[in-house]
>>> print(open('final.pdb').read())   # PDB, C-alpha atoms, pLDDT in the B column
ATOM      1  CA  MET L 173      43.448 157.470  28.057  1.00 48.00           C
ATOM      2  CA  ARG L 174      42.995 154.431  30.305  1.00 50.00           C
ATOM      3  CA  ASN L 175      40.884 154.589  33.457  1.00 50.00           C
ATOM      4  CA  ASN L 176      43.876 154.248  35.783  1.00 51.00           C
ATOM      5  CA  GLU L 177      45.554 157.184  34.043  1.00 48.00           C
ATOM      6  CA  LYS L 178      42.417 159.281  34.465  1.00 46.00           C
ATOM      7  CA  LEU L 179      42.236 158.405  38.148  1.00 48.00           C
ATOM      8  CA  HIS L 180      45.872 159.451  38.442  1.00 46.00           C
ATOM      9  CA  ILE L 181      44.926 162.848  37.030  1.00 43.00           C
ATOM     10  CA  ILE L 182      42.050 163.213  39.475  1.00 46.00           C
ATOM     11  CA  LYS L 183      44.173 162.297  42.493  1.00 44.00           C
ATOM     12  CA  HIS L 184      47.518 163.868  41.668  1.00 40.00           C
ATOM     13  CA  VAL L 185      46.946 166.676  39.156  1.00 40.00           C
ATOM     14  CA  ARG L 186      49.298 169.627  39.634  1.00 34.00           C
ATOM     15  CA  TYR L 187      49.376 172.900  37.767  1.00 38.00           C
ATOM     16  CA  ARG L 188      52.296 174.973  36.557  1.00 35.00           C
ATOM     17  CA  GLU L 189      51.959 178.673  37.274  1.00 36.00           C
ATOM     18  CA  SER L 190      54.117 179.766  34.327  1.00 35.00           C
ATOM     19  CA  ASP L 191      54.700 179.017  30.627  1.00 38.00           C
ATOM     20  CA  ARG L 192      50.979 178.638  29.929  1.00 38.00           C
ATOM     21  CA  THR L 193      50.139 178.836  26.240  1.00 41.00           C
ATOM     22  CA  GLY L 194      47.262 177.967  23.936  1.00 43.00           C
ATOM     23  CA  GLU L 195      44.528 175.962  25.585  1.00 45.00           C
ATOM     24  CA  GLU L 196      46.084 176.183  29.065  1.00 44.00           C
ATOM     25  CA  SER L 197      46.138 179.988  28.836  1.00 43.00           C
ATOM     26  CA  PHE L 198      42.502 180.010  27.765  1.00 45.00           C
ATOM     27  CA  MET L 199      41.595 177.698  30.651  1.00 52.00           C
ATOM     28  CA  LYS L 200      43.301 180.026  33.107  1.00 48.00           C
ATOM     29  CA  TYR L 201      41.573 183.049  31.570  1.00 51.00           C
ATOM     30  CA  ASP L 202      38.207 181.302  31.626  1.00 79.00           C
ATOM     31  CA  LEU L 203      38.543 180.156  35.233  1.00 85.00           C
ATOM     32  CA  GLU L 204      39.664 183.599  36.361  1.00 87.00           C
ATOM     33  CA  HIS L 205      36.396 185.006  35.025  1.00 89.00           C
ATOM     34  CA  TYR L 206      34.458 182.184  36.652  1.00 90.00           C
ATOM     35  CA  GLY L 207      36.208 182.951  39.929  1.00 91.00           C
ATOM     36  CA  GLN L 208      35.128 186.585  39.605  1.00 91.00           C
ATOM     37  CA  TYR L 209      31.560 185.403  39.022  1.00 91.00           C
ATOM     38  CA  LEU L 210      31.661 183.254  42.168  1.00 92.00           C
ATOM     39  CA  ALA L 211      32.968 186.211  44.146  1.00 92.00           C
ATOM     40  CA  GLU L 212      30.057 188.313  42.870  1.00 91.00           C
ATOM     41  CA  CYS L 213      27.759 185.550  44.146  1.00 89.00           C
ATOM     42  CA  GLU L 214      29.337 186.152  47.576  1.00 89.00           C
ATOM     43  CA  LYS L 215      30.965 182.745  47.804  1.00 88.00           C
ATOM     44  CA  SER L 216      33.662 182.488  50.460  1.00 90.00           C
ATOM     45  CA  LYS L 217      37.332 182.461  49.500  1.00 89.00           C
ATOM     46  CA  ASN L 218      37.708 178.794  50.454  1.00 90.00           C
ATOM     47  CA  THR L 219      34.621 177.840  48.438  1.00 90.00           C
ATOM     48  CA  ILE L 220      35.889 179.700  45.384  1.00 91.00           C
ATOM     49  CA  GLU L 221      39.289 178.032  45.607  1.00 92.00           C
ATOM     50  CA  LYS L 222      37.691 174.591  45.911  1.00 91.00           C
ATOM     51  CA  TYR L 223      35.273 175.178  43.019  1.00 92.00           C
ATOM     52  CA  LEU L 224      38.082 176.366  40.754  1.00 92.00           C
ATOM     53  CA  ARG L 225      40.281 173.430  41.752  1.00 90.00           C
ATOM     54  CA  ASP L 226      37.483 170.929  41.079  1.00 91.00           C
ATOM     55  CA  VAL L 227      36.554 172.528  37.750  1.00 91.00           C
ATOM     56  CA  ARG L 228      40.194 172.701  36.635  1.00 90.00           C
ATOM     57  CA  THR L 229      40.617 168.994  37.419  1.00 89.00           C
ATOM     58  CA  PHE L 230      37.526 168.195  35.367  1.00 90.00           C
ATOM     59  CA  LEU L 231      38.715 170.286  32.407  1.00 87.00           C
ATOM     60  CA  ILE L 232      42.079 168.534  32.420  1.00 86.00           C
ATOM     61  CA  PHE L 233      40.241 165.196  32.585  1.00 86.00           C
ATOM     62  CA  SER L 234      38.087 166.077  29.555  1.00 85.00           C
ATOM     63  CA  GLY L 235      41.156 167.217  27.615  1.00 82.00           C
ATOM     64  CA  GLU L 236      40.622 168.322  24.023  1.00 81.00           C
ATOM     65  CA  ARG L 237      37.339 166.458  23.688  1.00 84.00           C
ATOM     66  CA  GLU L 238      34.207 168.469  23.094  1.00 87.00           C
ATOM     67  CA  LEU L 239      32.122 168.557  26.264  1.00 88.00           C
ATOM     68  CA  SER L 240      29.260 166.069  26.207  1.00 91.00           C
ATOM     69  CA  LYS L 241      26.950 164.317  28.645  1.00 92.00           C
ATOM     70  CA  GLU L 242      28.914 161.115  28.105  1.00 93.00           C
ATOM     71  CA  ILE L 243      32.131 162.762  29.282  1.00 91.00           C
ATOM     72  CA  ILE L 244      30.439 164.179  32.375  1.00 92.00           C
ATOM     73  CA  LEU L 245      28.956 160.790  33.256  1.00 93.00           C
ATOM     74  CA  GLU L 246      32.317 159.100  32.714  1.00 91.00           C
ATOM     75  CA  TYR L 247      33.910 161.600  35.085  1.00 91.00           C
ATOM     76  CA  LYS L 248      31.161 161.011  37.642  1.00 91.00           C
ATOM     77  CA  LYS L 249      31.712 157.253  37.464  1.00 89.00           C
ATOM     78  CA  LEU L 250      35.428 157.626  38.126  1.00 87.00           C
ATOM     79  CA  LEU L 251      34.780 159.918  41.075  1.00 88.00           C
ATOM     80  CA  ILE L 252      32.374 157.379  42.590  1.00 85.00           C
ATOM     81  CA  GLU L 253      35.047 154.683  42.322  1.00 80.00           C
ATOM     82  CA  GLU L 254      37.600 156.837  44.116  1.00 80.00           C
ATOM     83  CA  TYR L 255      35.853 159.052  46.677  1.00 81.00           C
ATOM     84  CA  ARG L 256      33.206 159.033  49.371  1.00 80.00           C
ATOM     85  CA  THR L 257      29.720 160.043  48.278  1.00 81.00           C
ATOM     86  CA  SER L 258      29.837 163.406  50.045  1.00 81.00           C
ATOM     87  CA  SER L 259      33.120 164.282  48.294  1.00 84.00           C
ATOM     88  CA  VAL L 260      31.788 163.153  44.918  1.00 88.00           C
ATOM     89  CA  ASN L 261      28.736 165.357  45.338  1.00 89.00           C
ATOM     90  CA  SER L 262      30.785 168.425  46.258  1.00 89.00           C
ATOM     91  CA  MET L 263      32.910 167.961  43.121  1.00 91.00           C
ATOM     92  CA  LEU L 264      29.862 167.465  40.910  1.00 93.00           C
ATOM     93  CA  ILE L 265      28.222 170.577  42.359  1.00 93.00           C
ATOM     94  CA  ALA L 266      31.303 172.572  41.369  1.00 93.00           C
ATOM     95  CA  VAL L 267      31.259 171.156  37.829  1.00 94.00           C
ATOM     96  CA  ASN L 268      27.497 171.664  37.481  1.00 94.00           C
ATOM     97  CA  GLY L 269      27.885 175.281  38.542  1.00 92.00           C
ATOM     98  CA  TYR L 270      30.555 175.833  35.918  1.00 93.00           C
ATOM     99  CA  LEU L 271      28.438 174.188  33.221  1.00 92.00           C
ATOM    100  CA  SER L 272      25.550 176.514  34.048  1.00 91.00           C
ATOM    101  CA  TRP L 273      27.898 179.499  33.908  1.00 92.00           C
ATOM    102  CA  ILE L 274      28.999 178.630  30.351  1.00 89.00           C
ATOM    103  CA  GLY L 275      25.375 178.088  29.316  1.00 90.00           C
ATOM    104  CA  ARG L 276      25.439 174.283  29.202  1.00 90.00           C
ATOM    105  CA  ASP L 277      22.706 173.348  31.649  1.00 91.00           C
ATOM    106  CA  ASP L 278      21.955 170.403  29.372  1.00 92.00           C
ATOM    107  CA  LEU L 279      25.197 168.752  30.499  1.00 92.00           C
ATOM    108  CA  ARG L 280      24.551 168.949  34.228  1.00 93.00           C
ATOM    109  CA  VAL L 281      24.366 165.599  36.032  1.00 92.00           C
ATOM    110  CA  ARG L 282      22.609 164.502  39.169  1.00 89.00           C
ATOM    111  CA  VAL L 283      24.540 164.183  42.383  1.00 88.00           C
ATOM    112  CA  CYS L 284      24.646 160.801  44.114  1.00 83.00           C
ATOM    113  CA  ARG L 285      21.636 159.955  46.191  1.00 76.00           C
ATOM    114  CA  MET L 286      22.011 160.148  49.968  1.00 64.00           C
ATOM    115  CA  GLN L 287      19.153 158.546  51.820  1.00 54.00           C
ATOM    116  CA  ARG L 288      18.326 159.422  55.400  1.00 50.00           C
ATOM    117  CA  LEU L 289      16.146 157.195  57.512  1.00 44.00           C
ATOM    118  CA  ILE L 290      14.463 158.629  60.599  1.00 41.00           C
ATOM    119  CA  PHE L 291      13.585 156.853  63.827  1.00 43.00           C
ATOM    120  CA  ARG L 292      11.162 153.998  63.720  1.00 44.00           C
ATOM    121  CA  GLU L 293       7.709 154.924  64.909  1.00 40.00           C
ATOM    122  CA  GLU L 294       7.622 155.145  68.709  1.00 41.00           C
ATOM    123  CA  GLU L 295       4.738 152.727  68.956  1.00 40.00           C
ATOM    124  CA  ARG L 296       6.787 150.055  67.190  1.00 45.00           C
ATOM    125  CA  GLU L 297       9.605 150.340  69.735  1.00 48.00           C
ATOM    126  CA  LEU L 298       9.688 148.440  72.963  1.00 50.00           C
ATOM    127  CA  THR L 299       9.569 150.399  76.188  1.00 55.00           C
ATOM    128  CA  ARG L 300      12.665 150.419  78.374  1.00 55.00           C
ATOM    129  CA  GLU L 301      11.009 148.083  80.859  1.00 64.00           C
ATOM    130  CA  GLU L 302      10.054 145.619  78.111  1.00 59.00           C
ATOM    131  CA  CYS L 303      13.581 145.716  76.717  1.00 54.00           C
ATOM    132  CA  GLN L 304      15.062 145.021  80.118  1.00 58.00           C
ATOM    133  CA  ARG L 305      12.731 142.053  80.697  1.00 64.00           C
ATOM    134  CA  LEU L 306      13.513 140.564  77.290  1.00 59.00           C
ATOM    135  CA  LEU L 307      17.210 141.161  77.767  1.00 56.00           C
ATOM    136  CA  MET L 308      17.162 139.390  81.131  1.00 64.00           C
ATOM    137  CA  THR L 309      15.329 136.432  79.602  1.00 64.00           C
ATOM    138  CA  ALA L 310      17.796 136.234  76.721  1.00 58.00           C
ATOM    139  CA  ASN L 311      20.733 136.409  79.104  1.00 60.00           C
ATOM    140  CA  ARG L 312      19.326 133.582  81.226  1.00 63.00           C
ATOM    141  CA  GLU L 313      19.116 131.458  78.080  1.00 58.00           C
ATOM    142  CA  ASN L 314      22.606 132.541  77.048  1.00 58.00           C
ATOM    143  CA  ARG L 315      21.294 133.917  73.762  1.00 67.00           C
ATOM    144  CA  GLY L 316      22.217 137.548  74.320  1.00 71.00           C
ATOM    145  CA  ARG L 317      24.060 138.022  71.036  1.00 79.00           C
ATOM    146  CA  LEU L 318      21.229 136.613  68.934  1.00 73.00           C
ATOM    147  CA  PHE L 319      18.667 138.664  70.812  1.00 74.00           C
ATOM    148  CA  CYS L 320      20.605 141.874  70.227  1.00 81.00           C
ATOM    149  CA  ILE L 321      21.017 141.107  66.532  1.00 81.00           C
ATOM    150  CA  LEU L 322      17.296 140.454  66.091  1.00 75.00           C
ATOM    151  CA  GLN L 323      16.411 143.566  68.072  1.00 78.00           C
ATOM    152  CA  THR L 324      18.778 145.639  65.931  1.00 83.00           C
ATOM    153  CA  ILE L 325      17.274 144.364  62.693  1.00 77.00           C
ATOM    154  CA  ALA L 326      13.733 144.935  63.971  1.00 76.00           C
ATOM    155  CA  GLY L 327      14.505 148.385  65.334  1.00 79.00           C
ATOM    156  CA  THR L 328      16.426 149.786  62.366  1.00 82.00           C
ATOM    157  CA  GLY L 329      15.457 147.815  59.272  1.00 77.00           C
ATOM    158  CA  MET L 330      19.103 146.882  58.699  1.00 82.00           C
ATOM    159  CA  ARG L 331      20.058 143.804  56.711  1.00 82.00           C
ATOM    160  CA  ILE L 332      22.263 141.037  58.085  1.00 79.00           C
ATOM    161  CA  GLY L 333      25.099 142.070  55.786  1.00 83.00           C
ATOM    162  CA  GLU L 334      24.936 145.630  57.086  1.00 86.00           C
ATOM    163  CA  LEU L 335      25.523 144.743  60.741  1.00 88.00           C
ATOM    164  CA  LYS L 336      29.260 145.270  60.204  1.00 88.00           C
ATOM    165  CA  TYR L 337      28.553 149.013  60.055  1.00 88.00           C
ATOM    166  CA  LEU L 338      27.246 148.927  63.629  1.00 91.00           C
ATOM    167  CA  THR L 339      30.248 149.705  65.830  1.00 91.00           C
ATOM    168  CA  ALA L 340      30.890 150.906  69.358  1.00 90.00           C
ATOM    169  CA  GLU L 341      31.709 154.300  67.859  1.00 91.00           C
ATOM    170  CA  THR L 342      28.321 154.563  66.129  1.00 89.00           C
ATOM    171  CA  LEU L 343      26.594 154.159  69.490  1.00 90.00           C
ATOM    172  CA  GLU L 344      28.225 157.375  70.670  1.00 88.00           C
ATOM    173  CA  GLU L 345      27.049 159.172  67.526  1.00 87.00           C
ATOM    174  CA  ARG L 346      23.649 157.459  67.787  1.00 88.00           C
ATOM    175  CA  LYS L 347      23.578 156.912  64.049  1.00 87.00           C
ATOM    176  CA  ILE L 348      24.835 154.336  61.561  1.00 88.00           C
ATOM    177  CA  ARG L 349      26.256 155.329  58.171  1.00 86.00           C
ATOM    178  CA  ILE L 350      25.845 152.705  55.441  1.00 85.00           C
ATOM    179  CA  ASP L 351      27.599 153.451  52.136  1.00 80.00           C
ATOM    180  CA  PHE L 352      26.763 150.926  49.409  1.00 74.00           C
ATOM    181  CA  LYS L 353      27.193 151.358  45.647  1.00 70.00           C
ATOM    182  CA  GLY L 354      27.172 155.132  45.803  1.00 70.00           C
ATOM    183  CA  LYS L 355      24.046 155.328  47.946  1.00 76.00           C
ATOM    184  CA  VAL L 356      24.297 156.441  51.540  1.00 79.00           C
ATOM    185  CA  ARG L 357      21.825 155.610  54.287  1.00 82.00           C
ATOM    186  CA  ILE L 358      21.995 157.238  57.684  1.00 86.00           C
ATOM    187  CA  ILE L 359      20.090 155.173  60.252  1.00 86.00           C
ATOM    188  CA  LEU L 360      19.301 156.787  63.573  1.00 88.00           C
ATOM    189  CA  ILE L 361      19.465 154.367  66.506  1.00 88.00           C
ATOM    190  CA  PRO L 362      16.271 154.361  68.609  1.00 88.00           C
ATOM    191  CA  ARG L 363      16.765 155.087  72.304  1.00 88.00           C
ATOM    192  CA  SER L 364      15.416 151.727  73.449  1.00 85.00           C
ATOM    193  CA  LEU L 365      17.805 149.872  71.126  1.00 87.00           C
ATOM    194  CA  LEU L 366      20.663 152.101  72.230  1.00 89.00           C
ATOM    195  CA  ILE L 367      20.137 150.991  75.837  1.00 89.00           C
ATOM    196  CA  ILE L 368      20.290 147.320  74.837  1.00 86.00           C
ATOM    197  CA  LEU L 369      23.382 147.681  72.664  1.00 90.00           C
ATOM    198  CA  LYS L 370      25.305 149.721  75.229  1.00 91.00           C
ATOM    199  CA  ASP L 371      24.484 147.127  77.873  1.00 89.00           C
ATOM    200  CA  TYR L 372      25.671 144.368  75.519  1.00 88.00           C
ATOM    201  CA  CYS L 373      28.941 146.208  74.830  1.00 90.00           C
ATOM    202  CA  ARG L 374      29.511 146.816  78.520  1.00 91.00           C
ATOM    203  CA  LYS L 375      29.023 143.146  79.426  1.00 87.00           C
ATOM    204  CA  HIS L 376      31.265 141.940  76.601  1.00 87.00           C
ATOM    205  CA  LYS L 377      33.836 144.718  77.094  1.00 90.00           C
ATOM    206  CA  ILE L 378      33.456 146.000  73.543  1.00 90.00           C
ATOM    207  CA  LYS L 379      34.940 149.491  73.443  1.00 88.00           C
ATOM    208  CA  GLU L 380      35.667 149.888  69.737  1.00 89.00           C
ATOM    209  CA  GLY L 381      35.022 148.284  66.367  1.00 89.00           C
ATOM    210  CA  SER L 382      32.218 145.987  65.299  1.00 89.00           C
ATOM    211  CA  ILE L 383      29.713 145.052  67.993  1.00 89.00           C
ATOM    212  CA  PHE L 384      28.589 141.690  66.638  1.00 85.00           C
ATOM    213  CA  ARG L 385      31.912 139.943  66.222  1.00 73.00           C
ATOM    214  CA  SER L 386      32.317 136.309  65.305  1.00 63.00           C
ATOM    215  CA  ARG L 387      33.973 133.872  67.675  1.00 53.00           C
ATOM    216  CA  ASN L 388      37.373 134.511  66.103  1.00 52.00           C
ATOM    217  CA  GLY L 389      37.009 138.206  66.907  1.00 52.00           C
ATOM    218  CA  ARG L 390      36.236 139.473  63.418  1.00 52.00           C
TER     219      ARG L 390
END
>>> encode(input="final.pdb", output="structure tokens")
Amino acid sequence: MRNNEKLHIIKHVRYRESDRTGEESFMKYDLEHYGQYLAECEKSKNTIEKYLRDVRTFLIFSGERELSKEIILEYKKLLIEEYRTSSVNSMLIAVNGYLSWIGRDDLRVRVCRMQRLIFREEERELTREECQRLLMTANRENRGRLFCILQTIAGTGMRIGELKYLTAETLEERKIRIDFKGKVRIILIPRSLLIILKDYCRKHKIKEGSIFRSRNGR
């Protein structure tokens, strides 16, 4: 089965509720018992339905092949290519739970790493008064955009290539989500930097989208 066919199964799999025979009947029987187990663990109805849906999709993906670590990792790779990290992890948690239930803990895989960065140390941040003085100086020299970029990099540890994730919307949430190669970083925006960026957006009438746009607006 080619990768695009497998992705089609993951995205569009549908199940018939009648005429189940052989392996399909066994799958239904097996998942019914797993559903009963989840209910005994006091999982909510919605959680049980999602777990069973995710596990059923995985079992259809694996087909008649004997379960192995290679198959699980292949499934994980396809999920990463198709879904957000949080969704991938929720699907893997469902599959891992099922594997434990059938006594195959050896096949469990790790969920994708989600990194969270906290605020920079307060002593490394500029005070509001210092920020205002620097901002006024930068504005007088007509270098406001460069100043804000440098202040953002210094205050968050972001890379130049990650500045596209900094948008007017992220200022309202006061955090920046960076999703790169299956790894997620959540960067909290320090208060002093927030003041500078909001002032920059106000002066340049930036109400949505990327803050540091190029001259052509991109």
>>> closest_residue(input="final.pdb", among="L:Ser258, L:Gly354, L:His205, L:Val267", to="Ser234 of chain L", atoms="all atoms listed in the file")
L:Val267
>>> closest_residue(input="final.pdb", among="L:Phe352, L:Tyr223, L:Phe384, L:Phe233", to="Glu246 of chain L", atoms="only C-alpha atoms")
L:Phe233
>>> closest_residue(input="final.pdb", among="L:Ile252, L:Ile243, L:Leu335, L:Val260", to="Cys320 of chain L", atoms="all atoms listed in the file")
L:Leu335
>>> closest_residue(input="final.pdb", among="L:Lys217, L:Arg349, L:Arg317, L:Arg357", to="Ile383 of chain L", atoms="all atoms listed in the file")
L:Arg317
>>> closest_residue(input="final.pdb", among="L:Asp277, L:Glu221, L:Asp371, L:Asp226", to="Leu251 of chain L", atoms="all atoms listed in the file")
L:Asp226
>>> closest_residue(input="final.pdb", among="L:Lys248, L:Ser262, L:Leu343, L:Pro362", to="Ile378 of chain L", atoms="only C-alpha atoms")
L:Leu343
>>> residues_around(input="final.pdb", residues="Leu365 of chain L", least_positions_apart="5", cutoff="8 Å", atoms="all atoms listed in the file", output="MDAnalysis selection string")
chainID L and resid 323:324 327
>>> atom_distance(input="final.pdb", atom1="atom CA of Glu334 of chain L", atom2="atom CA of Leu264 of chain L")
27.6 Å
>>> residues_near_point(input="final.pdb", point="(21.0, 155.5, 63.7)", cutoff="12 Å", atoms="all atoms listed in the file", output="ChimeraX atom specification")
/L:288-292,324-325,327-330,337-339,341-350,357-366
>>> resolve_selection(input="final.pdb", expression="the PyMOL selection byres ((chain L and resi 266) around 12)", output="ChimeraX atom specification")
/L:206-207,210,219-231,259-265,267-273,280-281,283
>>> resolve_selection(input="final.pdb", expression="the PyMOL selection byres ((chain L and resi 285) around 9)", output="ChimeraX atom specification")
/L:257,261,282-284,286-287,354-356
>>> atom_distance(input="final.pdb", atom1="atom CA of Asn218 of chain L", atom2="atom CA of Ile232 of chain L")
21.2 Å
>>> atom_distance(input="final.pdb", atom1="atom CA of Lys336 of chain L", atom2="atom CA of Glu254 of chain L")
21.5 Å
